[in-house]
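> Before I ask anything, let me first share the structure, which is written out below as structure tokens.
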Amino acid sequence: MPFFEALRLALQMIRAQKLKSVFSTIGVFIGVTFLIGAWSVVNGMNRYMTEKFAGTLVGVNTFHLRRSPNVNFDVQDSVWRSWRRRPRIKFADANAVTKILTVPVVTAWYSEDRGSVEYNGKVAKDITLEGATERYFDIMNLTIGDGRPFTPQESKAGTTVVVLGYDLAHKLFPDVNPIGHSVRIHGIPYRVIGVVERQGNLLGISLDKFVVAPALSPIQREVNPPGVVDALIVKANSEPEMREAMNQTEAIMRSRRHLRPRQDDNFAMETSEGVLDFWNKLSRILYAVGPGLVGIALVVGGIVIMNIMLMAVAERTREIGIRKSLGARRRDILRQFLAEATALATVGAALGIVTGVGLSVLLQAVSPLPASVSPFSIVLGVVVGGGVGVVAGVYPASRAARLDPITALRQE
Amino acid sequence: MTALQPFRTGDTPLPDIVILTHKLARDYDMGGEVVRALRGVSLQIRKNEYVAVMGPSGSGKSTFMNLIGCLDTPTAGEYWLNGQKVSDLSDDELARIRNKEIGFVFQTFNLLPRATALHNVELPLIYAGLPARERREHAARALTSVGLGDRMDHRPNELSGGQRQRVAIARALVNEPSILLADEPTGNLDSATSAELMQVFRDLHHGGQTIVMVTHEHDIAAHAARVVTLRDGVIATDQLQAA
Ligand SMILES: Nc1ncnc2c1ncn2[C@@H]1O[C@H](COP(=O)(O)OP(=O)(O)OP(=O)(O)O)[C@@H](O)[C@H]1O
Ligand SMILES: [Mg+2]
């Protein structure tokens, strides 16, 4: 019997026994759905992390000089405690680095905390209060949609002006242009001079609920002890220049802190690579656990299909006898049942692919999780699904093929 | 008709002998106890003979038919089909012979219940490797020749017993086998339908078909030109009779 004939027969059988077929493919279906779905989430996260997340948090060709890394993962308690004991970054440190660096760079101070912002009796809670210097907007690619950023003079003088995030502006000023109005932060009035364009969200967290005021304005009291910043942000023109700037910064900071050659740095320089490192660790775990779960579902699916096929062989013993009496060879019968098992599994895999793709599209639409279907995962889904069918079908099919025609014909 | 030459081990059959068995034996091992269903049947059947096999229940008729139908292999003895020694062929070669040389009609029809009459008749052609269009043409012609041209899309449970047996005959003949074997083909049919079936067999015989048929009934056996009687796994009588 040619292969095509076996396939046609198998599909006919599946169509004749729809319900049974659906149940028998559930394991493969779940396995492949999970394969496609989970893979697309990891894939989407990966893209998101490399393209958006790291850039948003740190910036391109940019490093942050901080007391300790901001984004971290799996840090031991003792390490954490030693970080807490480190000296903080002082205004003087930030000034010294900016002055001494020989590489062309742009720098900004940056500090943040959470607090509330008030306008006309309306209070917005849980707002990121940021104290920064004027180049902060350029470095972090924050485009001012309305109004203007603060000037170097305002920055130096610590004028009480403020730039609002998009969501915050719309919350406090639903129907008036906020420019020129005063908002209060901890009772102190700041004049609104600009609103930043909408940034969207990062993993579901709005990036538009913040205020930026000059680092030397009274906001300093909200975010840090006197004379201290969270970070000095340094942006170079290229990756090698950023590396050079980092080397120089390290040397400057070590000398300012009188570290001996054997002593470790007691400060951190964070790059987007460092943030990605965190994600890479996480995705490595996902890539390790995911195939395991998919594997379990597929093994279960294979066992189910094998059972169904063994039942089918038992039920259709007489049919096998008839076919053999009419000239079917062992390999014809083998092929027929193998094709049936494979077709079953492939149908399950196909349904799984459709569902998996649908699920990731849905996930993309309604949840903050970025999902992006990987074409390779679809190919893998088909191959793995069909493969499960072949493996699960071999034993039942070879049993069918070995049946003695007379014995098979006598079966009721 | 000239008398058949006795056959000895080491001989080869004469050219016009379709079926030759020599001391053919079949034992069944029933958990230590051996049932000797056939104990040395030597028989020669010429081309275009019409043979009825009779005998009491359990005498070995079906066992004999299964052996010459290549569905089973003998414990001892020789079986020659069209001058080829079949008794020691491999599984696949036997399947090929079942497909090309033998048309088998069973008492219980043995049709695939889910398949249409046409598809049932197509089955041997599938295993012969014919392309789909030719298959359908051959099968349709075979069904028409047994008077079922208008029942091709019916499933077995939509057909009468006589019609089912005609489908089975069409299927048995579709590959133009050298022998038609029928094990109690009228066993599940009423007498009127049996008579119709015997008419079909008679026509086939006149058309040159070699037929071996097992039956319990003397009036069915009367249609054959030769009657072989088995008793306890051996040939008791072997007689020619007037048609
Ligand atoms: N598969 C088998 N296993 C064991 N014994 C068997 C088997 N098939 C047949 N026999 C035995 O072999 C003997 C001959 O059986 P067979 O079926 O050939 O008889 P029969 O002449 O066709 O009988 P009936 O007229 O009832 O169909 C019987 O004793 C039967 O019990
Ligand atoms: Mg019998």
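Chain labels A, B, ... are given in the sequence in which chains occur in the structure tokens; within each chain residues are numbered consecutively from 1, and ligands are likewise numbered from 1 in the order shown.
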Would you mind listing, as an MDAnalysis selection string, all residues of chain A that have at least one atom within 9 Å of chain B, where only C-alpha atoms are what counts?
chainID A and resid 1:2 5 318:319 322:332 404:406 409
> Please extract the residues at most 7 Å from ligand 2, counting only C-alpha atoms and all ligand atoms, and provide them as a PDB file with C-alpha atoms, in the first residue's frame, using the chain letters and residue numbers of this document.

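result16.pdb, written as the output of this step:
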```
ATOM      1  CA  SER B  57     -18.237 -31.015  10.727  1.00  0.00           C
ATOM      2  CA  LYS B  61     -12.610 -28.852   5.224  1.00  0.00           C
ATOM      3  CA  SER B  62     -11.897 -25.318   6.384  1.00  0.00           C
ATOM      4  CA  ASP B 183     -15.915 -21.960   2.252  1.00  0.00           C
TER       5      ASP B 183
END
```
> List as a tab-separated table every residue of chain B that is in contact with ligand 1, defined as an atom at most 7 Å from one of its atoms (using only C-alpha atoms and all ligand atoms), together with the nearest atom pair and the distance in Å rounded to one decimal, sorted by chain and then rising number.

```
residue	atom	partner	partner_atom_place_in_ligand_line	distance
B:Tyr28	CA	ligand 1	4 (C)	4.9
B:Asp29	CA	ligand 1	4 (C)	6.7
B:Met30	CA	ligand 1	4 (C)	6.0
B:Val35	CA	ligand 1	5 (N)	6.0
B:Arg36	CA	ligand 1	12 (O)	6.7
B:Ala37	CA	ligand 1	12 (O)	4.1
B:Gly55	CA	ligand 1	21 (O)	6.5
B:Pro56	CA	ligand 1	25 (O)	5.9
B:Ser57	CA	ligand 1	25 (O)	3.5
B:Gly58	CA	ligand 1	19 (O)	3.4
B:Ser59	CA	ligand 1	21 (O)	4.0
B:Gly60	CA	ligand 1	18 (O)	3.2
B:Lys61	CA	ligand 1	21 (O)	3.7
B:Ser62	CA	ligand 1	22 (O)	3.6
B:Thr63	CA	ligand 1	18 (O)	3.7
B:Phe64	CA	ligand 1	18 (O)	6.4
```
> Using only C-alpha atoms, which protein or nucleic acid residues come within 12 Å of range 117-125 of chain A? Drop anything in the same chain fewer than 3 positions from it, and give the result as a PyMOL selection string.
chain A and resi 114+128-130+162+164-165+167-174+176+178+181-192+209-212+219+222
> Deliver the residues from the most recent selection as a file, using N, CA, C and O atoms, as a short mmCIF file (atom, residue, chain, number, x, y, z; two decimals), in the first residue's frame.

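Once written, part_39.cif looks like this:
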```cif
data_model
loop_
_atom_site.label_atom_id
_atom_site.label_comp_id
_atom_site.auth_asym_id
_atom_site.auth_seq_id
_atom_site.Cartn_x
_atom_site.Cartn_y
_atom_site.Cartn_z
N ARG A 114 9.87 57.45 46.06
CA ARG A 114 8.44 57.49 45.73
C ARG A 114 7.75 58.45 46.68
O ARG A 114 8.17 58.62 47.82
N THR A 128 6.96 58.45 41.07
CA THR A 128 8.41 58.45 41.16
C THR A 128 8.89 59.90 41.17
O THR A 128 8.69 60.64 40.22
N LEU A 129 9.50 60.31 42.30
CA LEU A 129 10.04 61.66 42.41
C LEU A 129 11.51 61.59 42.00
O LEU A 129 12.29 60.83 42.59
N GLU A 130 11.86 62.36 40.98
CA GLU A 130 13.21 62.28 40.47
C GLU A 130 13.90 63.63 40.57
O GLU A 130 13.34 64.66 40.18
N VAL A 162 9.33 71.96 37.55
CA VAL A 162 9.17 70.51 37.46
C VAL A 162 8.67 70.12 36.07
O VAL A 162 7.95 70.87 35.42
N LEU A 164 6.63 66.96 34.18
CA LEU A 164 5.73 65.86 34.58
C LEU A 164 5.75 64.72 33.57
O LEU A 164 5.92 64.94 32.37
N GLY A 165 5.52 63.52 34.09
CA GLY A 165 5.27 62.38 33.21
C GLY A 165 3.87 62.49 32.64
O GLY A 165 3.00 63.15 33.21
N ASP A 167 1.23 60.39 32.19
CA ASP A 167 0.06 59.92 32.93
C ASP A 167 -0.26 60.84 34.10
O ASP A 167 -1.42 61.16 34.36
N LEU A 168 0.81 61.25 34.79
CA LEU A 168 0.62 62.12 35.95
C LEU A 168 0.00 63.43 35.53
O LEU A 168 -0.96 63.92 36.15
N ALA A 169 0.50 64.00 34.43
CA ALA A 169 -0.03 65.26 33.94
C ALA A 169 -1.52 65.14 33.66
O ALA A 169 -2.31 66.01 34.02
N HIS A 170 -1.88 64.01 33.04
CA HIS A 170 -3.30 63.85 32.69
C HIS A 170 -4.17 63.56 33.88
O HIS A 170 -5.36 63.84 33.89
N LYS A 171 -3.55 62.99 34.91
CA LYS A 171 -4.33 62.71 36.10
C LYS A 171 -4.62 64.01 36.86
O LYS A 171 -5.75 64.27 37.28
N LEU A 172 -3.57 64.80 37.03
CA LEU A 172 -3.75 66.03 37.83
C LEU A 172 -4.43 67.13 37.02
O LEU A 172 -5.14 67.96 37.58
N PHE A 173 -4.20 67.15 35.71
CA PHE A 173 -4.78 68.21 34.87
C PHE A 173 -5.61 67.59 33.75
O PHE A 173 -5.21 67.59 32.59
N PRO A 174 -6.77 67.02 34.11
CA PRO A 174 -7.55 66.34 33.08
C PRO A 174 -8.01 67.27 31.96
O PRO A 174 -8.07 66.87 30.82
N VAL A 176 -7.06 70.98 31.81
CA VAL A 176 -6.30 72.22 31.54
C VAL A 176 -4.86 71.89 31.19
O VAL A 176 -4.36 70.83 31.56
N PRO A 178 -1.24 71.92 31.87
CA PRO A 178 -0.58 72.08 33.18
C PRO A 178 0.54 73.13 33.17
O PRO A 178 0.94 73.59 34.24
N HIS A 181 1.11 76.09 35.80
CA HIS A 181 0.46 75.83 37.09
C HIS A 181 1.47 75.30 38.09
O HIS A 181 2.54 74.84 37.71
N SER A 182 1.09 75.34 39.36
CA SER A 182 1.99 74.86 40.41
C SER A 182 1.49 73.57 41.02
O SER A 182 0.31 73.45 41.35
N VAL A 183 2.37 72.59 41.12
CA VAL A 183 2.03 71.38 41.87
C VAL A 183 2.83 71.40 43.16
O VAL A 183 3.86 72.07 43.26
N ARG A 184 2.33 70.66 44.18
CA ARG A 184 3.04 70.63 45.45
C ARG A 184 3.62 69.25 45.70
O ARG A 184 2.96 68.23 45.50
N ILE A 185 4.89 69.24 46.09
CA ILE A 185 5.53 68.00 46.50
C ILE A 185 5.97 68.20 47.94
O ILE A 185 6.79 69.08 48.23
N HIS A 186 5.35 67.42 48.83
CA HIS A 186 5.61 67.59 50.26
C HIS A 186 5.41 69.04 50.68
O HIS A 186 6.24 69.61 51.41
N GLY A 187 4.36 69.66 50.19
CA GLY A 187 4.01 71.01 50.61
C GLY A 187 4.73 72.11 49.88
O GLY A 187 4.32 73.26 49.94
N ILE A 188 5.80 71.77 49.15
CA ILE A 188 6.56 72.83 48.48
C ILE A 188 6.05 72.97 47.04
O ILE A 188 5.94 71.97 46.32
N PRO A 189 5.72 74.19 46.61
CA PRO A 189 5.20 74.38 45.26
C PRO A 189 6.31 74.38 44.21
O PRO A 189 7.38 74.92 44.43
N TYR A 190 6.01 73.73 43.08
CA TYR A 190 6.91 73.71 41.92
C TYR A 190 6.11 74.14 40.71
O TYR A 190 4.98 73.68 40.53
N ARG A 191 6.70 74.97 39.86
CA ARG A 191 5.99 75.41 38.67
C ARG A 191 6.22 74.39 37.55
O ARG A 191 7.36 74.01 37.28
N VAL A 192 5.13 73.95 36.92
CA VAL A 192 5.23 72.98 35.83
C VAL A 192 5.73 73.68 34.59
O VAL A 192 5.15 74.68 34.16
N LYS A 209 4.48 57.88 35.24
CA LYS A 209 4.03 58.42 36.52
C LYS A 209 5.24 58.93 37.30
O LYS A 209 5.71 58.28 38.22
N PHE A 210 5.76 60.06 36.84
CA PHE A 210 6.95 60.59 37.51
C PHE A 210 6.96 62.11 37.42
O PHE A 210 6.20 62.71 36.64
N VAL A 211 7.80 62.73 38.29
CA VAL A 211 8.13 64.15 38.12
C VAL A 211 9.65 64.26 38.14
O VAL A 211 10.31 63.48 38.82
N VAL A 212 10.18 65.17 37.36
CA VAL A 212 11.62 65.46 37.42
C VAL A 212 11.79 66.92 37.82
O VAL A 212 11.25 67.81 37.17
N ILE A 219 13.67 69.16 46.20
CA ILE A 219 13.30 67.75 46.03
C ILE A 219 14.40 66.84 46.56
O ILE A 219 14.16 65.68 46.92
N GLU A 222 13.65 64.96 49.52
CA GLU A 222 12.73 63.82 49.41
C GLU A 222 13.44 62.56 48.97
O GLU A 222 13.01 61.46 49.27
#
```
> Hey, what does DSSP flag as helix (DSSP H, G or I) within range 90-189 of chain B? Can you give it to me as an MDAnalysis selection string?
chainID B and resid 91:100 117:128 132:145 156:158 161:173
> Can you work out which one of A:Val354, A:Val366, A:Met306, A:Ile193 has the shortest atom-to-atom distance to Ile30 in chain A, counting only C-alpha atoms?
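Ranked by minimum distance to Ile30 in chain A, first place goes to A:Val354.
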> I'd like to know which of B:Val146, B:Thr108, B:Ala139, B:Asp219 is closest to Leu189 in chain B, using only C-alpha atoms.
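Between B:Val146, B:Thr108, B:Ala139, B:Asp219, the residue approaching Leu189 in chain B most closely is B:Thr108.
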> Just want the 10 Å neighbourhood of Glu49 in chain B, counted on only C-alpha atoms, with same-chain residues fewer than 2 positions away dropped. Output as a PyMOL selection string.
chain B and resi 17-18+45-47+51-52+179+205-206+208-212+224-226
> Give me, as an mmCIF file with C-alpha atoms, in the first residue's frame, all polymer residues having an atom no more than 9 Å from range 379-392 of chain A, counting only C-alpha atoms and skipping those fewer than 6 positions away in the same chain.

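Once everything was written out, this is part-v7.cif:
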```cif
data_model
loop_
_atom_site.group_PDB
_atom_site.id
_atom_site.type_symbol
_atom_site.label_atom_id
_atom_site.label_comp_id
_atom_site.auth_asym_id
_atom_site.auth_seq_id
_atom_site.Cartn_x
_atom_site.Cartn_y
_atom_site.Cartn_z
ATOM 1 C CA VAL A 28 0.290 16.052 22.404
ATOM 2 C CA PHE A 29 -2.039 19.006 22.079
ATOM 3 C CA GLY A 31 2.533 19.698 25.016
ATOM 4 C CA VAL A 32 2.647 21.580 21.743
ATOM 5 C CA THR A 33 0.389 24.380 22.985
ATOM 6 C CA LEU A 35 5.769 24.642 23.643
ATOM 7 C CA ILE A 36 4.478 27.379 21.329
ATOM 8 C CA LEU A 298 4.535 14.750 25.125
ATOM 9 C CA VAL A 299 5.516 11.516 26.858
ATOM 10 C CA GLY A 301 0.557 12.160 25.068
ATOM 11 C CA GLY A 302 2.597 9.409 23.453
ATOM 12 C CA ILE A 303 1.480 6.856 26.024
ATOM 13 C CA VAL A 304 -2.151 7.842 25.488
ATOM 14 C CA ILE A 305 -1.798 7.464 21.739
ATOM 15 C CA MET A 306 -0.058 4.128 22.154
ATOM 16 C CA ASN A 307 -2.936 2.896 24.304
ATOM 17 C CA MET A 309 -3.680 2.399 19.036
ATOM 18 C CA LEU A 338 1.790 3.892 11.955
ATOM 19 C CA ALA A 339 0.205 6.452 9.662
ATOM 20 C CA GLU A 340 -2.834 6.529 11.892
ATOM 21 C CA ALA A 341 -0.816 7.148 15.056
ATOM 22 C CA THR A 342 1.294 9.770 13.327
ATOM 23 C CA ALA A 343 -1.730 11.499 11.842
ATOM 24 C CA LEU A 344 -3.400 11.539 15.267
ATOM 25 C CA ALA A 345 -0.343 13.101 16.874
ATOM 26 C CA THR A 346 0.104 15.565 14.037
ATOM 27 C CA VAL A 347 -3.515 16.651 14.265
ATOM 28 C CA GLY A 348 -2.950 17.161 18.003
ATOM 29 C CA ALA A 349 0.203 19.121 17.273
ATOM 30 C CA ALA A 350 -1.563 21.239 14.653
ATOM 31 C CA GLY A 352 -1.684 22.821 19.681
ATOM 32 C CA ILE A 353 0.082 25.183 17.312
#
```
> List the spatial neighbours of Leu159 in chain B as a list in words - criterion: any atom at most 12 Å away, only C-alpha atoms, same-chain residues fewer than 3 positions off excluded.
Phe109, Leu111, Pro113, Thr116, Ala117, Leu148, Asp150, Arg151, Met152, Asp153, His154, Arg155, Pro156, Gly162, Gln163, Arg164, Gln165, Arg166, Val167 and Ala168 of chain B
> Hey, can you spit out that residue selection with N, CA, C and O atoms as a PDB file, in the first residue's frame?

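The resulting result-v7.pdb:
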```
ATOM      1  N   PHE B 109     -18.953 -13.630   4.780  1.00  0.00           N
ATOM      2  CA  PHE B 109     -18.704 -12.521   3.847  1.00  0.00           C
ATOM      3  C   PHE B 109     -17.378 -11.809   4.097  1.00  0.00           C
ATOM      4  O   PHE B 109     -16.640 -11.519   3.170  1.00  0.00           O
ATOM      5  N   LEU B 111     -16.679  -8.657   4.882  1.00  0.00           N
ATOM      6  CA  LEU B 111     -16.527  -7.334   4.276  1.00  0.00           C
ATOM      7  C   LEU B 111     -16.148  -6.343   5.374  1.00  0.00           C
ATOM      8  O   LEU B 111     -16.467  -6.563   6.541  1.00  0.00           O
ATOM      9  N   PRO B 113     -17.001  -3.412   7.436  1.00  0.00           N
ATOM     10  CA  PRO B 113     -18.341  -2.851   7.678  1.00  0.00           C
ATOM     11  C   PRO B 113     -18.430  -1.359   7.391  1.00  0.00           C
ATOM     12  O   PRO B 113     -19.473  -0.871   6.985  1.00  0.00           O
ATOM     13  N   THR B 116     -17.649   1.212   1.757  1.00  0.00           N
ATOM     14  CA  THR B 116     -18.687   0.978   0.747  1.00  0.00           C
ATOM     15  C   THR B 116     -18.367  -0.297  -0.022  1.00  0.00           C
ATOM     16  O   THR B 116     -17.254  -0.822   0.045  1.00  0.00           O
ATOM     17  N   ALA B 117     -19.367  -0.779  -0.769  1.00  0.00           N
ATOM     18  CA  ALA B 117     -19.162  -1.959  -1.614  1.00  0.00           C
ATOM     19  C   ALA B 117     -17.976  -1.719  -2.538  1.00  0.00           C
ATOM     20  O   ALA B 117     -17.093  -2.572  -2.678  1.00  0.00           O
ATOM     21  N   LEU B 148     -24.396  -5.639  -9.267  1.00  0.00           N
ATOM     22  CA  LEU B 148     -24.510  -4.649  -8.189  1.00  0.00           C
ATOM     23  C   LEU B 148     -24.043  -3.266  -8.641  1.00  0.00           C
ATOM     24  O   LEU B 148     -23.619  -2.449  -7.835  1.00  0.00           O
ATOM     25  N   ASP B 150     -25.613  -0.771  -9.287  1.00  0.00           N
ATOM     26  CA  ASP B 150     -26.352   0.338  -8.677  1.00  0.00           C
ATOM     27  C   ASP B 150     -26.238   0.341  -7.159  1.00  0.00           C
ATOM     28  O   ASP B 150     -26.965   1.048  -6.474  1.00  0.00           O
ATOM     29  N   ARG B 151     -25.324  -0.454  -6.612  1.00  0.00           N
ATOM     30  CA  ARG B 151     -25.200  -0.526  -5.149  1.00  0.00           C
ATOM     31  C   ARG B 151     -23.787  -0.194  -4.687  1.00  0.00           C
ATOM     32  O   ARG B 151     -23.414  -0.512  -3.571  1.00  0.00           O
ATOM     33  N   MET B 152     -23.024   0.459  -5.537  1.00  0.00           N
ATOM     34  CA  MET B 152     -21.595   0.622  -5.258  1.00  0.00           C
ATOM     35  C   MET B 152     -21.305   1.442  -4.008  1.00  0.00           C
ATOM     36  O   MET B 152     -20.335   1.197  -3.315  1.00  0.00           O
ATOM     37  N   ASP B 153     -22.172   2.409  -3.717  1.00  0.00           N
ATOM     38  CA  ASP B 153     -21.910   3.274  -2.571  1.00  0.00           C
ATOM     39  C   ASP B 153     -22.597   2.806  -1.300  1.00  0.00           C
ATOM     40  O   ASP B 153     -22.619   3.527  -0.298  1.00  0.00           O
ATOM     41  N   HIS B 154     -23.161   1.607  -1.349  1.00  0.00           N
ATOM     42  CA  HIS B 154     -23.823   1.081  -0.153  1.00  0.00           C
ATOM     43  C   HIS B 154     -22.809   0.412   0.753  1.00  0.00           C
ATOM     44  O   HIS B 154     -21.865  -0.224   0.293  1.00  0.00           O
ATOM     45  N   ARG B 155     -23.054   0.565   2.056  1.00  0.00           N
ATOM     46  CA  ARG B 155     -22.233  -0.163   3.015  1.00  0.00           C
ATOM     47  C   ARG B 155     -22.838  -1.546   3.232  1.00  0.00           C
ATOM     48  O   ARG B 155     -24.037  -1.728   2.982  1.00  0.00           O
ATOM     49  N   PRO B 156     -22.038  -2.509   3.736  1.00  0.00           N
ATOM     50  CA  PRO B 156     -22.546  -3.875   3.896  1.00  0.00           C
ATOM     51  C   PRO B 156     -23.872  -3.942   4.645  1.00  0.00           C
ATOM     52  O   PRO B 156     -24.753  -4.705   4.253  1.00  0.00           O
ATOM     53  N   GLY B 162     -27.518 -11.902   0.267  1.00  0.00           N
ATOM     54  CA  GLY B 162     -27.121 -12.311  -1.074  1.00  0.00           C
ATOM     55  C   GLY B 162     -26.271 -11.248  -1.747  1.00  0.00           C
ATOM     56  O   GLY B 162     -25.270 -11.550  -2.405  1.00  0.00           O
ATOM     57  N   GLN B 163     -26.663  -9.983  -1.549  1.00  0.00           N
ATOM     58  CA  GLN B 163     -25.890  -8.890  -2.147  1.00  0.00           C
ATOM     59  C   GLN B 163     -24.503  -8.803  -1.536  1.00  0.00           C
ATOM     60  O   GLN B 163     -23.511  -8.559  -2.228  1.00  0.00           O
ATOM     61  N   ARG B 164     -24.441  -9.013  -0.229  1.00  0.00           N
ATOM     62  CA  ARG B 164     -23.126  -8.977   0.428  1.00  0.00           C
ATOM     63  C   ARG B 164     -22.218 -10.052  -0.152  1.00  0.00           C
ATOM     64  O   ARG B 164     -21.044  -9.816  -0.412  1.00  0.00           O
ATOM     65  N   GLN B 165     -22.800 -11.258  -0.336  1.00  0.00           N
ATOM     66  CA  GLN B 165     -21.969 -12.332  -0.857  1.00  0.00           C
ATOM     67  C   GLN B 165     -21.535 -12.023  -2.291  1.00  0.00           C
ATOM     68  O   GLN B 165     -20.432 -12.370  -2.695  1.00  0.00           O
ATOM     69  N   ARG B 166     -22.368 -11.302  -3.040  1.00  0.00           N
ATOM     70  CA  ARG B 166     -21.975 -10.910  -4.395  1.00  0.00           C
ATOM     71  C   ARG B 166     -20.819  -9.903  -4.344  1.00  0.00           C
ATOM     72  O   ARG B 166     -19.904  -9.960  -5.166  1.00  0.00           O
ATOM     73  N   VAL B 167     -20.894  -8.977  -3.372  1.00  0.00           N
ATOM     74  CA  VAL B 167     -19.766  -8.041  -3.203  1.00  0.00           C
ATOM     75  C   VAL B 167     -18.494  -8.841  -2.924  1.00  0.00           C
ATOM     76  O   VAL B 167     -17.438  -8.588  -3.511  1.00  0.00           O
ATOM     77  N   ALA B 168     -18.633  -9.853  -2.032  1.00  0.00           N
ATOM     78  CA  ALA B 168     -17.474 -10.670  -1.686  1.00  0.00           C
ATOM     79  C   ALA B 168     -16.943 -11.390  -2.920  1.00  0.00           C
ATOM     80  O   ALA B 168     -15.725 -11.509  -3.108  1.00  0.00           O
TER      81      ALA B 168
END
```
> Determine which residues of range 161-210 of chain A DSSP labels as strand (DSSP E or B) from the backbone of this structure, then write them out as a list in words.
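The residues of range 161-210 of chain A classed as strand (DSSP E or B) are Val161, Val162, Val163, Leu164, Ser182, Val183, Arg184, Ile185, Ile188, Pro189, Tyr190, Arg191, Val192, Ile193, Gly194, Val195, Val196, Asn201, Leu202, Ile205, Ser206 and Phe210 of chain A.
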> Please write the residues from the selection above to a file, keeping N, CA and C atoms, as an mmCIF file, in the first residue's frame.

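File written: result16.cif
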```cif
data_model
loop_
_atom_site.group_PDB
_atom_site.id
_atom_site.type_symbol
_atom_site.label_atom_id
_atom_site.label_comp_id
_atom_site.auth_asym_id
_atom_site.auth_seq_id
_atom_site.Cartn_x
_atom_site.Cartn_y
_atom_site.Cartn_z
ATOM 1 N N VAL A 161 11.156 74.234 39.674
ATOM 2 C CA VAL A 161 10.375 73.937 38.472
ATOM 3 C C VAL A 161 10.317 72.417 38.339
ATOM 4 N N VAL A 162 9.333 71.961 37.548
ATOM 5 C CA VAL A 162 9.165 70.513 37.461
ATOM 6 C C VAL A 162 8.672 70.117 36.072
ATOM 7 N N VAL A 163 9.130 68.922 35.614
ATOM 8 C CA VAL A 163 8.632 68.328 34.367
ATOM 9 C C VAL A 163 7.830 67.090 34.764
ATOM 10 N N LEU A 164 6.626 66.961 34.180
ATOM 11 C CA LEU A 164 5.732 65.864 34.578
ATOM 12 C C LEU A 164 5.752 64.720 33.569
ATOM 13 N N SER A 182 1.090 75.338 39.362
ATOM 14 C CA SER A 182 1.991 74.858 40.410
ATOM 15 C C SER A 182 1.487 73.566 41.021
ATOM 16 N N VAL A 183 2.372 72.593 41.122
ATOM 17 C CA VAL A 183 2.031 71.376 41.869
ATOM 18 C C VAL A 183 2.831 71.404 43.156
ATOM 19 N N ARG A 184 2.330 70.655 44.176
ATOM 20 C CA ARG A 184 3.035 70.630 45.449
ATOM 21 C C ARG A 184 3.619 69.251 45.699
ATOM 22 N N ILE A 185 4.893 69.241 46.093
ATOM 23 C CA ILE A 185 5.525 68.001 46.505
ATOM 24 C C ILE A 185 5.968 68.204 47.937
ATOM 25 N N ILE A 188 5.799 71.773 49.151
ATOM 26 C CA ILE A 188 6.555 72.826 48.477
ATOM 27 C C ILE A 188 6.054 72.971 47.043
ATOM 28 N N PRO A 189 5.721 74.192 46.614
ATOM 29 C CA PRO A 189 5.203 74.382 45.258
ATOM 30 C C PRO A 189 6.310 74.381 44.207
ATOM 31 N N TYR A 190 6.014 73.731 43.081
ATOM 32 C CA TYR A 190 6.914 73.713 41.920
ATOM 33 C C TYR A 190 6.105 74.137 40.707
ATOM 34 N N ARG A 191 6.697 74.975 39.862
ATOM 35 C CA ARG A 191 5.990 75.413 38.667
ATOM 36 C C ARG A 191 6.225 74.391 37.550
ATOM 37 N N VAL A 192 5.130 73.954 36.924
ATOM 38 C CA VAL A 192 5.229 72.978 35.834
ATOM 39 C C VAL A 192 5.735 73.684 34.590
ATOM 40 N N ILE A 193 6.866 73.168 34.010
ATOM 41 C CA ILE A 193 7.389 73.809 32.796
ATOM 42 C C ILE A 193 7.332 72.875 31.593
ATOM 43 N N GLY A 194 7.069 71.600 31.809
ATOM 44 C CA GLY A 194 7.041 70.685 30.664
ATOM 45 C C GLY A 194 6.342 69.379 30.998
ATOM 46 N N VAL A 195 5.895 68.706 29.945
ATOM 47 C CA VAL A 195 5.322 67.357 30.075
ATOM 48 C C VAL A 195 6.054 66.450 29.087
ATOM 49 N N VAL A 196 6.528 65.299 29.604
ATOM 50 C CA VAL A 196 7.277 64.368 28.751
ATOM 51 C C VAL A 196 6.297 63.559 27.910
ATOM 52 N N ASN A 201 4.528 51.389 28.857
ATOM 53 C CA ASN A 201 4.788 50.682 30.104
ATOM 54 C C ASN A 201 5.858 49.630 29.924
ATOM 55 N N LEU A 202 6.387 49.214 31.040
ATOM 56 C CA LEU A 202 7.429 48.204 31.054
ATOM 57 C C LEU A 202 6.906 47.055 31.905
ATOM 58 N N ILE A 205 4.131 48.028 34.094
ATOM 59 C CA ILE A 205 4.274 49.164 35.003
ATOM 60 C C ILE A 205 4.378 50.439 34.177
ATOM 61 N N SER A 206 3.531 51.411 34.500
ATOM 62 C CA SER A 206 3.521 52.639 33.714
ATOM 63 C C SER A 206 4.850 53.370 33.847
ATOM 64 N N PHE A 210 5.760 60.065 36.836
ATOM 65 C CA PHE A 210 6.951 60.590 37.507
ATOM 66 C C PHE A 210 6.956 62.114 37.422
#
```
